[in-house]
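Below is one structure, written out as C-alpha cells, with a few remarks after it.
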Amino acid sequence: MNEVIFFYSFAGLTLLAALYVVLTKNPTYAVLSLVAAMFSLAILFVLLHAYFIAVVHVLVYAGAILVLFLFVVMLLGVGKEETPGKSQRLYRIFGGLVVTGFLLEIGIIIKAVSSSAQSPAALSGTIEEVGKLLFTEYFLPFEITSVLLLVGIIGAVVLSKKEEPGRSKQMQAEGQPRSGQAEDL
Amino acid sequence: MITLNHYLILSGCLFAVGMYGIMTRRNALLILLSVELLLNAANLSFVAYARYRGDLTGQVFVFFTMVVAACEVAIGLAVAILLFRTRETLNTDEINTLKW
C-alpha cells in the first residue's frame, strides 16, 4: 500500500518537474527544476530496490552534473528569457505532433508485450551485489569507462582552454597580461 | 500493486517530455538539459526491468549510462562555452554554419 502512494506521488512530482524544465522561460529555474526531478527519480530507484544506483544518481546528477550546468548558465549570463521568435510556434506544433505520435507508439507497444514478469522478483541492488557483478562479468566495460572519462576530461580542458591566436597576440602587443582563469572560462 | 507497466509508462512519458524539450528549445544549454531527461527516462526503464526480471544487469547498465552522461555534459558544456565565446550567442537558429 505504501509503495503505491510513494510511486504515484513521486512519479507525479518527476513528471511535473520535467514539464517545468521544458516549459519555463528562465534557464536557471529549468536547471533547479531538473534537480527536483533527479531527486524524485532517485526515490523511485529506491522503490525499485536499486539502492546503489539511487545514491550514485543523487551524487552524480544533483551533485556534479547539474551544479556544472548551473555554473555555466550563470557564467554565460543566459539568465534572461529566451526571445520567442516567429518560428517558435511552428516548433511547438511540430514537437507536439511528434510527441503525441511517440506516446501512442509507446502505449501500443506496452499493451502488446505486457504479459511477462509483472510481479517483482527478489532482488537487492546493494553496493555489494552490484559491485560483484561490475568487477567480474562487466570488468572490461568498467575499465573502458575509465578511459572514456579520461577522454572526457582531456576534451573538456582542450576545448575550453583554446585561445584565438589573433586575440592573444594582440593582447601581448598591447602589453596586457593575460588574466588567467577568470578570462579563460 | 505497482506493476512493470506503471514504470514503463512513466519512463515513456519522461522520454516524451524530453523530446518535446529538444524540439522546442532554441538555447543549446537547455537542449543539453533535455538530453539529460532522455537519458534518465532510459535509466528508469533499465532499473524497472532489473527489478521485475530479477537480473542486476540492468543496474550495471545504468551505471555505465551515468558515466556516459557525465562525459557528455563535460564536453557539451565546453562546446557551449566555446560557441558563446566565438559567436556570442547560444541560439541554435543563429548557429547554422559549420565553418565561417
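In the C-alpha cells, each chain is lettered A, B, ... as it comes, each chain's residues begin at 1, and ligands are numbered from 1 in order of appearance.
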*asked:* With 7 Å as the limit and counting only C-alpha atoms, what residues in chain A lie close to chain B? Please list them as a PyMOL selection string.
replied: chain A and resi 4+11+15+18-19+22+27+48+53+65+91-92+95-96+99+102-103+106+110+114+117-123+125+130+134+145+149+152+155-156+159-160
*Near range 34-40 of chain A, counting only C-alpha atoms, which residues have an atom at most 9 Å away, once you skip same-chain residues fewer than 3 positions from it, shown as number ranges by chain?*
A: 10-11, 13-18, 20-21, 29-31, 43-45, 54, 57-58, 61-62, 66; B: 33, 36-37, 40
Serialized selection, C-alpha atoms, as a PDB file, in the first residue's frame:
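What ended up in part_36.pdb:
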ATOM      1  CA  PHE A  10       6.936  10.762  -6.795  1.00  0.00           C
ATOM      2  CA  ALA A  11       6.039   9.775 -10.359  1.00  0.00           C
ATOM      3  CA  LEU A  13       6.488  15.030  -8.983  1.00  0.00           C
ATOM      4  CA  THR A  14       9.024  13.774 -11.525  1.00  0.00           C
ATOM      5  CA  LEU A  15       6.712  14.454 -14.442  1.00  0.00           C
ATOM      6  CA  LEU A  16       5.741  17.913 -13.174  1.00  0.00           C
ATOM      7  CA  ALA A  17       9.374  18.885 -12.619  1.00  0.00           C
ATOM      8  CA  ALA A  18      10.306  17.549 -16.075  1.00  0.00           C
ATOM      9  CA  TYR A  20       8.653  22.669 -15.876  1.00  0.00           C
ATOM     10  CA  VAL A  21      12.204  22.075 -17.167  1.00  0.00           C
ATOM     11  CA  TYR A  29      14.736  27.693 -12.973  1.00  0.00           C
ATOM     12  CA  ALA A  30      14.950  24.914 -15.552  1.00  0.00           C
ATOM     13  CA  VAL A  31      18.188  23.608 -14.010  1.00  0.00           C
ATOM     14  CA  ILE A  43      13.346   7.894  -4.723  1.00  0.00           C
ATOM     15  CA  LEU A  44      11.732   5.805  -7.466  1.00  0.00           C
ATOM     16  CA  PHE A  45      15.044   3.919  -7.774  1.00  0.00           C
ATOM     17  CA  ALA A  54      19.871   5.799  -6.209  1.00  0.00           C
ATOM     18  CA  HIS A  57      22.292   9.123  -9.078  1.00  0.00           C
ATOM     19  CA  VAL A  58      21.948  11.839  -6.437  1.00  0.00           C
ATOM     20  CA  TYR A  61      23.419  14.238 -11.162  1.00  0.00           C
ATOM     21  CA  ALA A  62      22.360  16.607  -8.404  1.00  0.00           C
ATOM     22  CA  LEU A  66      23.568  19.964 -12.501  1.00  0.00           C
TER      23      LEU A  66
ATOM     24  CA  LEU B  33      19.230  19.656 -20.212  1.00  0.00           C
ATOM     25  CA  GLU B  36      19.588  14.555 -19.588  1.00  0.00           C
ATOM     26  CA  LEU B  37      15.844  13.915 -19.259  1.00  0.00           C
ATOM     27  CA  ASN B  40      17.120   9.324 -17.233  1.00  0.00           C
TER      28      ASN B  40
END
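Taking CA of Phe139 in chain A and CA of Val67 in chain A as the two end points, the separation is 29.9 Å.
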*Per DSSP on the backbone, what are the helix (DSSP H, G or I) residues of range 21-162 of chain A, as a PyMOL selection string?*
chain A and resi 21-23+27-47+51-75+88-112+127-136+139-161
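Using only C-alpha atoms, the nearest neighbour of Phe71 in chain A within the list A:Lys132, A:Thr28, A:Ser9, A:Leu90 is A:Thr28.
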_d(CA of Ala112 in chain A, CA of Ala42 in chain A) in Å_ = 28.6 Å
*May I ask for the distance between CA of Pro141 in chain A and CA of Leu38 in chain B, given in Å to one decimal place?*
22.3 Å
